[in-house]
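Q: Here it is, the structure, as structure tokens.
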Amino acid sequence: MSDIKKNIEKIQNIKADAAMACGRNPEDILLCAVTKTRTAEEINEAVDAGITDIGENKVQEIMDKFDSVKPVRWHLIGHLQTNKVKYIIDKVSMIHSVDSVHLAREIDKRAAQHSLVMDILIQVNSAEEESKFGLTTDETEGVIREILDTCPNVRIRGLMCIAPYADNPEDAGVYFREVKNLYNKFSKISHDRLDFKYLSMGMSHDFEVAIREGSNLIRVGTAIFGERDYSRK
């Protein structure tokens, strides 16, 4: 058995234990494999091991790998510049990192050109870290309502956040909890293009904490593929 397959099995087991420990069904939590700097061959190995969804941080990597990767759902999870939306609008299943009405309108325009409705997540920077993108919790409601009013080819499926890195993963809990509270609030709003299904929180070092705090989509890269070699890109 390859290391990638072993790692995926290990993560699925940890995910299951974390879910059951808080009374949740492990099947309700999606594992999205983060494939930044990974080759198409490595990604295909993960797909063969049961991965159905992959997340890329950069548009160029999606473009480079798209035709060489086996059938899988692609997620754009990194910061997206408006001038690059056109390249991936017909390739990704969901964009996790929407943090402005300006970006949502560009996604809406490009989606309309392809006669599709694009699923997005709103990125919330609950820690208000200057080094990270995302809306503050106070900004989130206004942006969601403006997107609903002005972007008919965009459907908001939930929220995403990246907690500050800490040696103790438990430190992330407070930030995840804040975003989960927002998620619960917007889940109660009835709108044909507001269909909250995904709370994208948790990465390799803190996904167990994220699951406990309500995440149902975890983004795991290093724990599947090992440490990244940035010289490859």
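Every chain in the structure tokens takes a letter, A first, then B, and so on in the order presented; its residues are numbered from 1, and the ligands are numbered from 1 following the presented order.
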Do you know which residues are at most 12 Å from A:Arg73 counting only C-alpha atoms, after dropping those on the same chain fewer than 2 positions away, and could you put them as a list in words?
A: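 Near A:Arg73, the qualifying residues are Leu30, Leu31, Cys32, Ala33, Val34, Ile43, Val47, Ile51, Thr52, Asp53, Ile54, Gly55, Glu56, Ile62, Phe66, Val69, Lys70, Pro71, His75, Leu76, Asp90, Lys91, Val92, Ser93, Met94 and Ile95 of chain A.
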Q: Store the residues picked out above, limited to N, CA and C atoms, as a tab-separated table (two decimals), in the first residue's frame.
A:
chain	number	residue	atom	x	y	z
A	30	LEU	N	-16.98	15.96	4.63
A	30	LEU	CA	-16.26	15.74	3.37
A	30	LEU	C	-14.77	16.00	3.56
A	31	LEU	N	-13.95	15.07	3.10
A	31	LEU	CA	-12.50	15.25	3.08
A	31	LEU	C	-12.09	15.76	1.70
A	32	CYS	N	-11.60	16.99	1.67
A	32	CYS	CA	-11.10	17.59	0.43
A	32	CYS	C	-9.57	17.57	0.49
A	33	ALA	N	-8.94	16.89	-0.44
A	33	ALA	CA	-7.48	16.78	-0.46
A	33	ALA	C	-6.88	18.01	-1.13
A	34	VAL	N	-5.99	18.67	-0.40
A	34	VAL	CA	-5.36	19.90	-0.91
A	34	VAL	C	-4.11	19.50	-1.70
A	43	ILE	N	-2.02	13.10	-7.38
A	43	ILE	CA	-3.46	13.34	-7.21
A	43	ILE	C	-4.26	12.12	-7.64
A	47	VAL	N	-7.03	9.86	-5.72
A	47	VAL	CA	-8.36	9.56	-6.26
A	47	VAL	C	-8.60	8.05	-6.24
A	51	ILE	N	-10.45	9.51	-2.76
A	51	ILE	CA	-10.69	10.96	-2.71
A	51	ILE	C	-11.60	11.37	-3.87
A	52	THR	N	-12.64	12.12	-3.56
A	52	THR	CA	-13.60	12.57	-4.58
A	52	THR	C	-13.50	14.07	-4.85
A	53	ASP	N	-12.86	14.80	-3.94
A	53	ASP	CA	-12.79	16.25	-4.05
A	53	ASP	C	-11.37	16.71	-3.78
A	54	ILE	N	-10.86	17.62	-4.62
A	54	ILE	CA	-9.53	18.17	-4.40
A	54	ILE	C	-9.59	19.68	-4.40
A	55	GLY	N	-8.71	20.28	-3.62
A	55	GLY	CA	-8.66	21.74	-3.51
A	55	GLY	C	-7.33	22.28	-3.99
A	56	GLU	N	-7.40	23.26	-4.86
A	56	GLU	CA	-6.19	23.92	-5.34
A	56	GLU	C	-6.19	25.38	-4.90
A	62	ILE	N	-4.59	24.54	-11.40
A	62	ILE	CA	-5.77	23.87	-11.96
A	62	ILE	C	-5.62	23.75	-13.46
A	66	PHE	N	-5.56	19.95	-14.92
A	66	PHE	CA	-6.97	19.58	-15.13
A	66	PHE	C	-7.14	18.39	-16.07
A	69	VAL	N	-5.79	14.76	-14.61
A	69	VAL	CA	-6.31	14.18	-13.38
A	69	VAL	C	-7.61	13.44	-13.67
A	70	LYS	N	-7.78	12.31	-13.01
A	70	LYS	CA	-8.99	11.50	-13.18
A	70	LYS	C	-10.22	12.29	-12.73
A	71	PRO	N	-11.42	11.84	-13.13
A	71	PRO	CA	-12.63	12.58	-12.77
A	71	PRO	C	-12.73	12.82	-11.26
A	75	HIS	N	-12.06	22.16	-6.32
A	75	HIS	CA	-12.42	23.31	-5.50
A	75	HIS	C	-11.28	24.32	-5.60
A	76	LEU	N	-11.60	25.59	-5.79
A	76	LEU	CA	-10.60	26.65	-5.70
A	76	LEU	C	-10.66	27.16	-4.26
A	90	ASP	N	-15.48	27.23	-15.56
A	90	ASP	CA	-16.12	26.02	-16.09
A	90	ASP	C	-15.40	24.74	-15.64
A	91	LYS	N	-14.46	24.88	-14.70
A	91	LYS	CA	-13.68	23.72	-14.27
A	91	LYS	C	-13.92	23.34	-12.81
A	92	VAL	N	-14.26	24.29	-11.97
A	92	VAL	CA	-14.38	24.01	-10.54
A	92	VAL	C	-15.84	23.81	-10.14
A	93	SER	N	-16.03	22.99	-9.11
A	93	SER	CA	-17.37	22.77	-8.56
A	93	SER	C	-17.75	23.85	-7.57
A	94	MET	N	-16.74	24.41	-6.89
A	94	MET	CA	-17.03	25.41	-5.87
A	94	MET	C	-15.80	26.29	-5.64
A	95	ILE	N	-16.06	27.56	-5.34
A	95	ILE	CA	-15.01	28.52	-4.99
A	95	ILE	C	-15.17	28.86	-3.52
Q: Assign secondary structure with DSSP using the backbone only, and return the residues of stretch 24-168 of chain A in strand (DSSP E or B) as a PyMOL selection string.
A: chain A and resi 30-34+53-56+73-76+94-98+118-124+135+154-160
Q: Restricting the output to N, CA, C and O atoms, write the selected residues as a short mmCIF file (atom, residue, chain, number, x, y, z; two decimals), in the first residue's frame.
A:
data_model
loop_
_atom_site.label_atom_id
_atom_site.label_comp_id
_atom_site.auth_asym_id
_atom_site.auth_seq_id
_atom_site.Cartn_x
_atom_site.Cartn_y
_atom_site.Cartn_z
N LEU A 30 -16.98 15.96 4.63
CA LEU A 30 -16.26 15.74 3.37
C LEU A 30 -14.77 16.00 3.56
O LEU A 30 -14.38 17.05 4.09
N LEU A 31 -13.95 15.07 3.10
CA LEU A 31 -12.50 15.25 3.08
C LEU A 31 -12.09 15.76 1.70
O LEU A 31 -12.24 15.05 0.70
N CYS A 32 -11.60 16.99 1.67
CA CYS A 32 -11.10 17.59 0.43
C CYS A 32 -9.57 17.57 0.49
O CYS A 32 -8.97 18.15 1.40
N ALA A 33 -8.94 16.89 -0.44
CA ALA A 33 -7.48 16.78 -0.46
C ALA A 33 -6.88 18.01 -1.13
O ALA A 33 -7.22 18.36 -2.26
N VAL A 34 -5.99 18.67 -0.40
CA VAL A 34 -5.36 19.90 -0.91
C VAL A 34 -4.11 19.50 -1.70
O VAL A 34 -3.20 18.89 -1.17
N ASP A 53 -12.86 14.80 -3.94
CA ASP A 53 -12.79 16.25 -4.05
C ASP A 53 -11.37 16.71 -3.78
O ASP A 53 -10.73 16.25 -2.81
N ILE A 54 -10.86 17.62 -4.62
CA ILE A 54 -9.53 18.17 -4.40
C ILE A 54 -9.59 19.68 -4.40
O ILE A 54 -10.43 20.29 -5.08
N GLY A 55 -8.71 20.28 -3.62
CA GLY A 55 -8.66 21.74 -3.51
C GLY A 55 -7.33 22.28 -3.99
O GLY A 55 -6.28 21.79 -3.56
N GLU A 56 -7.40 23.26 -4.86
CA GLU A 56 -6.19 23.92 -5.34
C GLU A 56 -6.19 25.38 -4.90
O GLU A 56 -7.22 26.04 -4.90
N ARG A 73 -14.07 16.24 -8.27
CA ARG A 73 -14.61 17.59 -8.10
C ARG A 73 -13.48 18.52 -7.68
O ARG A 73 -12.81 18.27 -6.68
N TRP A 74 -13.31 19.61 -8.41
CA TRP A 74 -12.26 20.59 -8.14
C TRP A 74 -12.83 21.75 -7.32
O TRP A 74 -13.91 22.25 -7.60
N HIS A 75 -12.06 22.16 -6.32
CA HIS A 75 -12.42 23.31 -5.50
C HIS A 75 -11.28 24.32 -5.60
O HIS A 75 -10.10 23.94 -5.47
N LEU A 76 -11.60 25.59 -5.79
CA LEU A 76 -10.60 26.65 -5.70
C LEU A 76 -10.66 27.16 -4.26
O LEU A 76 -11.67 27.74 -3.83
N MET A 94 -16.74 24.41 -6.89
CA MET A 94 -17.03 25.41 -5.87
C MET A 94 -15.80 26.29 -5.64
O MET A 94 -14.67 25.81 -5.71
N ILE A 95 -16.06 27.56 -5.34
CA ILE A 95 -15.01 28.52 -4.99
C ILE A 95 -15.17 28.86 -3.52
O ILE A 95 -16.20 29.40 -3.11
N HIS A 96 -14.15 28.53 -2.71
CA HIS A 96 -14.25 28.67 -1.26
C HIS A 96 -13.92 30.07 -0.75
O HIS A 96 -14.21 30.38 0.39
N SER A 97 -13.25 30.86 -1.55
CA SER A 97 -12.53 32.02 -1.03
C SER A 97 -13.11 33.36 -1.46
O SER A 97 -12.37 34.31 -1.70
N VAL A 98 -14.42 33.46 -1.54
CA VAL A 98 -15.04 34.72 -1.95
C VAL A 98 -15.11 35.66 -0.75
O VAL A 98 -15.68 35.31 0.28
N MET A 118 -22.68 29.24 -10.22
CA MET A 118 -21.48 28.80 -9.51
C MET A 118 -21.72 28.78 -8.01
O MET A 118 -22.19 29.75 -7.42
N ASP A 119 -21.37 27.65 -7.39
CA ASP A 119 -21.43 27.54 -5.94
C ASP A 119 -20.20 28.21 -5.33
O ASP A 119 -19.07 27.99 -5.78
N ILE A 120 -20.44 29.03 -4.30
CA ILE A 120 -19.34 29.70 -3.62
C ILE A 120 -19.50 29.56 -2.11
O ILE A 120 -20.59 29.30 -1.60
N LEU A 121 -18.38 29.75 -1.42
CA LEU A 121 -18.38 29.92 0.02
C LEU A 121 -17.86 31.32 0.32
O LEU A 121 -17.02 31.85 -0.41
N ILE A 122 -18.34 31.90 1.39
CA ILE A 122 -17.86 33.21 1.83
C ILE A 122 -16.73 32.97 2.83
O ILE A 122 -16.91 32.27 3.83
N GLN A 123 -15.57 33.55 2.55
CA GLN A 123 -14.43 33.39 3.45
C GLN A 123 -14.50 34.40 4.59
O GLN A 123 -14.56 35.61 4.36
N VAL A 124 -14.49 33.87 5.81
CA VAL A 124 -14.58 34.70 7.00
C VAL A 124 -13.25 34.64 7.75
O VAL A 124 -12.76 33.56 8.08
N LEU A 135 -13.55 38.19 5.15
CA LEU A 135 -14.36 39.22 5.77
C LEU A 135 -14.33 39.08 7.28
O LEU A 135 -14.18 37.98 7.81
N VAL A 154 -24.82 33.14 -9.02
CA VAL A 154 -24.01 32.70 -7.89
C VAL A 154 -24.93 32.14 -6.82
O VAL A 154 -25.96 32.73 -6.50
N ARG A 155 -24.55 30.98 -6.28
CA ARG A 155 -25.29 30.39 -5.17
C ARG A 155 -24.36 30.25 -3.97
O ARG A 155 -23.28 29.65 -4.08
N ILE A 156 -24.75 30.81 -2.84
CA ILE A 156 -23.91 30.77 -1.64
C ILE A 156 -24.22 29.50 -0.88
O ILE A 156 -25.34 29.29 -0.40
N ARG A 157 -23.20 28.63 -0.75
CA ARG A 157 -23.40 27.31 -0.15
C ARG A 157 -22.90 27.22 1.28
O ARG A 157 -23.03 26.16 1.91
N GLY A 158 -22.29 28.30 1.80
CA GLY A 158 -21.80 28.22 3.17
C GLY A 158 -20.65 29.16 3.42
O GLY A 158 -20.46 30.16 2.70
N LEU A 159 -19.84 28.82 4.43
CA LEU A 159 -18.74 29.67 4.86
C LEU A 159 -17.44 28.88 4.91
O LEU A 159 -17.44 27.65 5.04
N MET A 160 -16.34 29.59 4.81
CA MET A 160 -15.01 29.00 4.93
C MET A 160 -14.16 29.87 5.85
O MET A 160 -14.32 31.10 5.85
#
Q: Name the residues in contact with A:His102 at a cut-off of 12 Å, using only C-alpha atoms, excluding same-chain residues fewer than 4 positions from it; report them as a list in words.
A: Leu80, Gln81, Thr82, Asn83, Val85, Val98, Glu106, Ile107, Asp108, Lys109, Val143, Ile144, Glu146, Ile147, Thr150 and Cys151 of chain A
Q: For the selection you just gave me, I'd like the residues written to a file as a CSV table (one decimal), in the first residue's frame, keeping all heavy atoms.
A:
chain,number,residue,atom,x,y,z
A,80,LEU,N,-8.5,34.3,-4.9
A,80,LEU,CA,-8.8,34.4,-6.4
A,80,LEU,C,-8.9,35.8,-6.8
A,80,LEU,O,-9.7,36.6,-6.3
A,80,LEU,CB,-10.2,33.7,-6.6
A,80,LEU,CG,-10.7,33.7,-8.1
A,80,LEU,CD1,-9.7,33.0,-9.0
A,80,LEU,CD2,-12.0,33.0,-8.2
A,81,GLN,N,-8.0,36.1,-7.8
A,81,GLN,CA,-8.1,37.5,-8.4
A,81,GLN,C,-9.1,37.5,-9.5
A,81,GLN,O,-9.4,36.6,-10.2
A,81,GLN,CB,-6.7,37.8,-9.0
A,81,GLN,CG,-5.6,37.9,-8.0
A,81,GLN,CD,-4.2,38.0,-8.7
A,81,GLN,OE1,-3.8,37.1,-9.5
A,81,GLN,NE2,-3.5,39.1,-8.5
A,82,THR,N,-9.8,38.7,-9.6
A,82,THR,CA,-10.9,38.8,-10.5
A,82,THR,C,-10.5,38.5,-12.0
A,82,THR,O,-11.3,37.9,-12.7
A,82,THR,CB,-11.6,40.2,-10.5
A,82,THR,OG1,-10.6,41.2,-10.7
A,82,THR,CG2,-12.2,40.4,-9.1
A,83,ASN,N,-9.3,38.9,-12.3
A,83,ASN,CA,-8.9,38.7,-13.7
A,83,ASN,C,-8.6,37.2,-14.1
A,83,ASN,O,-8.3,36.9,-15.2
A,83,ASN,CB,-7.7,39.5,-14.1
A,83,ASN,CG,-6.4,39.2,-13.3
A,83,ASN,OD1,-6.5,38.5,-12.2
A,83,ASN,ND2,-5.3,39.6,-13.7
A,85,VAL,N,-10.7,34.6,-12.9
A,85,VAL,CA,-12.0,33.8,-12.7
A,85,VAL,C,-12.3,33.1,-14.0
A,85,VAL,O,-12.8,32.0,-14.0
A,85,VAL,CB,-13.1,34.8,-12.3
A,85,VAL,CG1,-14.5,34.0,-12.3
A,85,VAL,CG2,-12.9,35.3,-10.9
A,98,VAL,N,-14.4,33.5,-1.5
A,98,VAL,CA,-15.0,34.7,-2.0
A,98,VAL,C,-15.1,35.7,-0.7
A,98,VAL,O,-15.7,35.3,0.3
A,98,VAL,CB,-16.4,34.5,-2.5
A,98,VAL,CG1,-17.1,35.8,-2.9
A,98,VAL,CG2,-16.3,33.6,-3.8
A,106,GLU,N,-17.8,39.3,-10.5
A,106,GLU,CA,-17.0,38.8,-11.7
A,106,GLU,C,-17.3,37.3,-11.9
A,106,GLU,O,-17.5,36.8,-13.0
A,106,GLU,CB,-15.5,39.0,-11.4
A,106,GLU,CG,-14.6,38.4,-12.5
A,106,GLU,CD,-14.7,39.2,-13.8
A,106,GLU,OE1,-15.3,40.3,-13.8
A,106,GLU,OE2,-14.3,38.6,-14.9
A,107,ILE,N,-17.5,36.6,-10.8
A,107,ILE,CA,-17.8,35.2,-10.9
A,107,ILE,C,-19.2,35.0,-11.5
A,107,ILE,O,-19.5,34.2,-12.4
A,107,ILE,CB,-17.8,34.5,-9.5
A,107,ILE,CG1,-16.4,34.4,-8.9
A,107,ILE,CG2,-18.5,33.1,-9.5
A,107,ILE,CD1,-16.3,34.1,-7.4
A,108,ASP,N,-20.1,35.9,-11.1
A,108,ASP,CA,-21.5,35.9,-11.7
A,108,ASP,C,-21.5,36.2,-13.2
A,108,ASP,O,-22.1,35.5,-13.9
A,108,ASP,CB,-22.3,37.0,-10.9
A,108,ASP,CG,-23.7,37.2,-11.5
A,108,ASP,OD1,-24.5,36.3,-11.3
A,108,ASP,OD2,-24.0,38.2,-12.2
A,109,LYS,N,-20.7,37.2,-13.6
A,109,LYS,CA,-20.6,37.5,-15.0
A,109,LYS,C,-20.0,36.3,-15.8
A,109,LYS,O,-20.6,36.0,-16.9
A,109,LYS,CB,-19.7,38.7,-15.2
A,109,LYS,CG,-19.5,39.2,-16.6
A,109,LYS,CD,-18.7,40.4,-16.8
A,109,LYS,CE,-17.2,40.1,-16.8
A,109,LYS,NZ,-16.3,41.3,-17.1
A,143,VAL,N,-22.3,41.6,3.0
A,143,VAL,CA,-21.8,41.1,1.7
A,143,VAL,C,-22.7,40.0,1.2
A,143,VAL,O,-23.0,40.0,0.0
A,143,VAL,CB,-20.4,40.6,1.9
A,143,VAL,CG1,-19.9,39.9,0.7
A,143,VAL,CG2,-19.4,41.8,2.2
A,144,ILE,N,-23.1,39.1,2.1
A,144,ILE,CA,-24.0,38.0,1.6
A,144,ILE,C,-25.3,38.6,1.0
A,144,ILE,O,-25.7,38.2,-0.1
A,144,ILE,CB,-24.4,37.1,2.8
A,144,ILE,CG1,-23.1,36.2,3.1
A,144,ILE,CG2,-25.6,36.2,2.4
A,144,ILE,CD1,-23.3,35.3,4.3
A,146,GLU,N,-25.8,41.6,-0.3
A,146,GLU,CA,-25.6,42.3,-1.6
A,146,GLU,C,-25.3,41.3,-2.7
A,146,GLU,O,-25.7,41.5,-3.9
A,146,GLU,CB,-24.4,43.2,-1.4
A,146,GLU,CG,-24.3,44.2,-2.6
A,146,GLU,CD,-23.3,45.4,-2.4
A,146,GLU,OE1,-22.9,45.6,-1.2
A,146,GLU,OE2,-23.0,46.1,-3.3
A,147,ILE,N,-24.6,40.2,-2.4
A,147,ILE,CA,-24.4,39.2,-3.5
A,147,ILE,C,-25.7,38.6,-3.9
A,147,ILE,O,-26.0,38.4,-5.1
A,147,ILE,CB,-23.4,38.1,-2.9
A,147,ILE,CG1,-22.0,38.6,-2.8
A,147,ILE,CG2,-23.4,36.9,-3.9
A,147,ILE,CD1,-21.0,37.7,-2.1
A,150,THR,N,-27.5,41.0,-6.2
A,150,THR,CA,-26.8,41.5,-7.5
A,150,THR,C,-26.2,40.4,-8.3
A,150,THR,O,-25.8,40.6,-9.4
A,150,THR,CB,-25.8,42.5,-7.2
A,150,THR,OG1,-24.7,41.9,-6.4
A,150,THR,CG2,-26.4,43.7,-6.5
A,151,CYS,N,-26.2,39.1,-7.9
A,151,CYS,CA,-25.5,38.1,-8.6
A,151,CYS,C,-26.4,36.8,-8.8
A,151,CYS,O,-26.3,35.8,-8.1
A,151,CYS,CB,-24.2,37.7,-7.8
A,151,CYS,SG,-23.1,39.0,-7.5
Q: Excluding A:Ala163 and any residue of its chain fewer than 6 positions from it, enumerate the residues within 12 Å of it, using only C-alpha atoms, and give them as a PyMOL selection string.
A: chain A and resi 123-129+131-134+169-179+200-207+209-210
Q: Could you save the residues just selected, with N, CA, C and O atoms, as a tab-separated table (two decimals), in the first residue's frame?
A:
chain	number	residue	atom	x	y	z
A	123	GLN	N	-15.57	33.55	2.55
A	123	GLN	CA	-14.43	33.39	3.45
A	123	GLN	C	-14.50	34.40	4.59
A	123	GLN	O	-14.56	35.61	4.36
A	124	VAL	N	-14.49	33.87	5.81
A	124	VAL	CA	-14.58	34.70	7.00
A	124	VAL	C	-13.25	34.64	7.75
A	124	VAL	O	-12.76	33.56	8.08
A	125	ASN	N	-12.67	35.79	7.99
A	125	ASN	CA	-11.42	35.89	8.74
A	125	ASN	C	-11.78	36.25	10.18
A	125	ASN	O	-11.66	37.40	10.60
A	126	SER	N	-12.25	35.25	10.93
A	126	SER	CA	-12.79	35.52	12.26
A	126	SER	C	-11.71	36.00	13.23
A	126	SER	O	-12.00	36.69	14.21
A	127	ALA	N	-10.45	35.66	12.95
A	127	ALA	CA	-9.35	36.13	13.80
A	127	ALA	C	-8.89	37.54	13.41
A	127	ALA	O	-8.07	38.14	14.12
A	128	GLU	N	-9.39	38.03	12.27
A	128	GLU	CA	-9.02	39.34	11.74
A	128	GLU	C	-7.50	39.47	11.58
A	128	GLU	O	-6.90	40.51	11.90
A	129	GLU	N	-6.90	38.40	11.06
A	129	GLU	CA	-5.45	38.44	10.80
A	129	GLU	C	-5.17	39.28	9.57
A	129	GLU	O	-5.75	39.06	8.51
A	131	SER	N	-2.66	39.19	7.72
A	131	SER	CA	-1.96	38.41	6.69
A	131	SER	C	-2.89	37.51	5.89
A	131	SER	O	-2.47	36.88	4.92
A	132	LYS	N	-4.15	37.44	6.28
A	132	LYS	CA	-5.09	36.54	5.60
A	132	LYS	C	-6.23	37.33	4.98
A	132	LYS	O	-6.63	38.39	5.46
A	133	PHE	N	-6.78	36.76	3.90
A	133	PHE	CA	-7.95	37.35	3.26
A	133	PHE	C	-9.20	36.92	4.04
A	133	PHE	O	-9.16	36.09	4.92
A	134	GLY	N	-10.31	37.51	3.65
A	134	GLY	CA	-11.57	37.14	4.30
A	134	GLY	C	-12.25	38.33	4.94
A	134	GLY	O	-11.62	39.35	5.27
A	169	PRO	N	-3.43	23.00	18.63
A	169	PRO	CA	-4.60	23.11	17.74
A	169	PRO	C	-5.87	23.56	18.46
A	169	PRO	O	-6.75	24.16	17.84
A	170	GLU	N	-5.94	23.30	19.75
A	170	GLU	CA	-7.14	23.70	20.50
A	170	GLU	C	-7.35	25.21	20.45
A	170	GLU	O	-8.49	25.69	20.61
A	171	ASP	N	-6.27	25.96	20.22
A	171	ASP	CA	-6.39	27.42	20.18
A	171	ASP	C	-7.26	27.88	19.01
A	171	ASP	O	-7.77	29.01	19.01
A	172	ALA	N	-7.43	27.02	18.01
A	172	ALA	CA	-8.25	27.38	16.85
A	172	ALA	C	-9.74	27.33	17.16
A	172	ALA	O	-10.56	27.90	16.42
A	173	GLY	N	-10.10	26.66	18.22
A	173	GLY	CA	-11.51	26.41	18.51
A	173	GLY	C	-12.35	27.66	18.59
A	173	GLY	O	-13.47	27.71	18.07
A	174	VAL	N	-11.84	28.71	19.20
A	174	VAL	CA	-12.62	29.92	19.37
A	174	VAL	C	-12.96	30.57	18.03
A	174	VAL	O	-14.06	31.12	17.84
A	175	TYR	N	-12.04	30.48	17.08
A	175	TYR	CA	-12.28	31.07	15.75
A	175	TYR	C	-13.27	30.23	14.95
A	175	TYR	O	-14.13	30.78	14.24
A	176	PHE	N	-13.13	28.91	15.05
A	176	PHE	CA	-14.09	28.03	14.38
A	176	PHE	C	-15.50	28.23	14.95
A	176	PHE	O	-16.49	28.25	14.23
A	177	ARG	N	-15.57	28.38	16.26
A	177	ARG	CA	-16.87	28.52	16.93
A	177	ARG	C	-17.58	29.78	16.45
A	177	ARG	O	-18.80	29.77	16.24
A	178	GLU	N	-16.83	30.84	16.27
A	178	GLU	CA	-17.42	32.11	15.84
A	178	GLU	C	-18.03	31.97	14.44
A	178	GLU	O	-19.13	32.47	14.17
A	179	VAL	N	-17.32	31.26	13.56
A	179	VAL	CA	-17.82	31.08	12.20
A	179	VAL	C	-19.01	30.11	12.19
A	179	VAL	O	-19.97	30.30	11.43
A	200	SER	N	-16.60	24.99	5.71
A	200	SER	CA	-15.25	24.55	5.33
A	200	SER	C	-14.25	25.09	6.35
A	200	SER	O	-13.82	26.24	6.29
A	201	MET	N	-13.89	24.23	7.29
A	201	MET	CA	-12.96	24.63	8.36
A	201	MET	C	-12.09	23.43	8.72
A	201	MET	O	-12.56	22.30	8.77
A	202	GLY	N	-10.82	23.71	8.97
A	202	GLY	CA	-9.92	22.67	9.44
A	202	GLY	C	-8.96	22.19	8.37
A	202	GLY	O	-9.37	21.88	7.25
A	203	MET	N	-7.67	22.15	8.75
A	203	MET	CA	-6.63	21.66	7.86
A	203	MET	C	-5.84	20.57	8.58
A	203	MET	O	-6.28	20.07	9.62
A	204	SER	N	-4.71	20.19	8.04
A	204	SER	CA	-4.00	19.01	8.55
A	204	SER	C	-3.78	19.05	10.06
A	204	SER	O	-3.93	18.04	10.74
A	205	HIS	N	-3.44	20.22	10.61
A	205	HIS	CA	-3.04	20.29	12.01
A	205	HIS	C	-4.21	20.55	12.97
A	205	HIS	O	-4.04	20.40	14.18
A	206	ASP	N	-5.37	20.97	12.43
A	206	ASP	CA	-6.45	21.34	13.35
A	206	ASP	C	-7.83	20.80	12.95
A	206	ASP	O	-8.85	21.25	13.47
A	207	PHE	N	-7.88	19.83	12.02
A	207	PHE	CA	-9.20	19.42	11.54
A	207	PHE	C	-10.02	18.68	12.59
A	207	PHE	O	-11.26	18.72	12.54
A	209	VAL	N	-10.23	19.52	15.76
A	209	VAL	CA	-10.89	20.60	16.50
A	209	VAL	C	-12.02	21.20	15.66
A	209	VAL	O	-13.12	21.47	16.17
A	210	ALA	N	-11.78	21.38	14.36
A	210	ALA	CA	-12.79	21.94	13.47
A	210	ALA	C	-14.04	21.05	13.41
A	210	ALA	O	-15.17	21.55	13.42
Q: As a list in words, please: every residue in stretch 149-222 of chain A that DSSP puts in helix (DSSP H, G or I).
A: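 Result set for stretch 149-222 of chain A (helix (DSSP H, G or I)): Asp149, Thr150, Pro169, Glu170, Asp171, Ala172, Gly173, Val174, Tyr175, Phe176, Arg177, Glu178, Val179, Lys180, Asn181, Leu182, Tyr183, Asn184, Lys185, Phe186, Ser187, Phe207, Glu208, Val209, Ala210, Ile211, Arg212 and Thr222 of chain A.
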Q: I need the chosen residues saved as an mmCIF file, in the first residue's frame, with C-alpha atoms.
A:
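Result file is selection.cif:
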data_model
loop_
_atom_site.group_PDB
_atom_site.id
_atom_site.type_symbol
_atom_site.label_atom_id
_atom_site.label_comp_id
_atom_site.auth_asym_id
_atom_site.auth_seq_id
_atom_site.Cartn_x
_atom_site.Cartn_y
_atom_site.Cartn_z
ATOM 1 C CA ASP A 149 -29.303 41.009 -4.617
ATOM 2 C CA THR A 150 -26.843 41.456 -7.497
ATOM 3 C CA PRO A 169 -4.599 23.108 17.744
ATOM 4 C CA GLU A 170 -7.142 23.697 20.504
ATOM 5 C CA ASP A 171 -6.385 27.421 20.175
ATOM 6 C CA ALA A 172 -8.252 27.379 16.850
ATOM 7 C CA GLY A 173 -11.509 26.408 18.513
ATOM 8 C CA VAL A 174 -12.619 29.925 19.371
ATOM 9 C CA TYR A 175 -12.282 31.073 15.751
ATOM 10 C CA PHE A 176 -14.090 28.030 14.378
ATOM 11 C CA ARG A 177 -16.872 28.517 16.930
ATOM 12 C CA GLU A 178 -17.421 32.106 15.840
ATOM 13 C CA VAL A 179 -17.819 31.082 12.197
ATOM 14 C CA LYS A 180 -20.119 28.183 13.154
ATOM 15 C CA ASN A 181 -22.385 30.664 14.928
ATOM 16 C CA LEU A 182 -22.563 32.723 11.722
ATOM 17 C CA TYR A 183 -23.255 29.562 9.740
ATOM 18 C CA ASN A 184 -26.154 28.678 12.006
ATOM 19 C CA LYS A 185 -27.598 32.171 11.586
ATOM 20 C CA PHE A 186 -27.537 32.180 7.797
ATOM 21 C CA SER A 187 -28.746 28.586 7.546
ATOM 22 C CA PHE A 207 -9.197 19.416 11.538
ATOM 23 C CA GLU A 208 -10.144 17.382 14.617
ATOM 24 C CA VAL A 209 -10.885 20.604 16.499
ATOM 25 C CA ALA A 210 -12.792 21.941 13.468
ATOM 26 C CA ILE A 211 -14.960 18.823 13.353
ATOM 27 C CA ARG A 212 -15.791 19.209 17.017
ATOM 28 C CA THR A 222 0.287 17.774 4.198
#
Q: Out of A:Asp64, A:Asp99, A:Glu213, A:Asp138, which residue has the shortest atom-to-atom distance to A:Ile77 when counting only C-alpha atoms?
A: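 Residue with the minimum atom-to-atom distance to A:Ile77: A:Asp99.
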Q: May I ask which of the residues A:Ile14, A:Leu148, A:Ile29, A:Ile4 is the closest one to A:Asn216, counting only C-alpha atoms?
A: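 Distance minimum relative to A:Asn216 lands on A:Ile29.
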Q: Closest to A:Glu139 among A:Val101, A:Arg38, A:Ile189, A:Lys65, using only C-alpha atoms?
A: A:Val101
Q: Between atom CA of A:Glu27 and atom CA of A:Leu217, what is the distance in Å, rounded to a tenth?
A: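 These atoms are spaced 10.7 Å apart.
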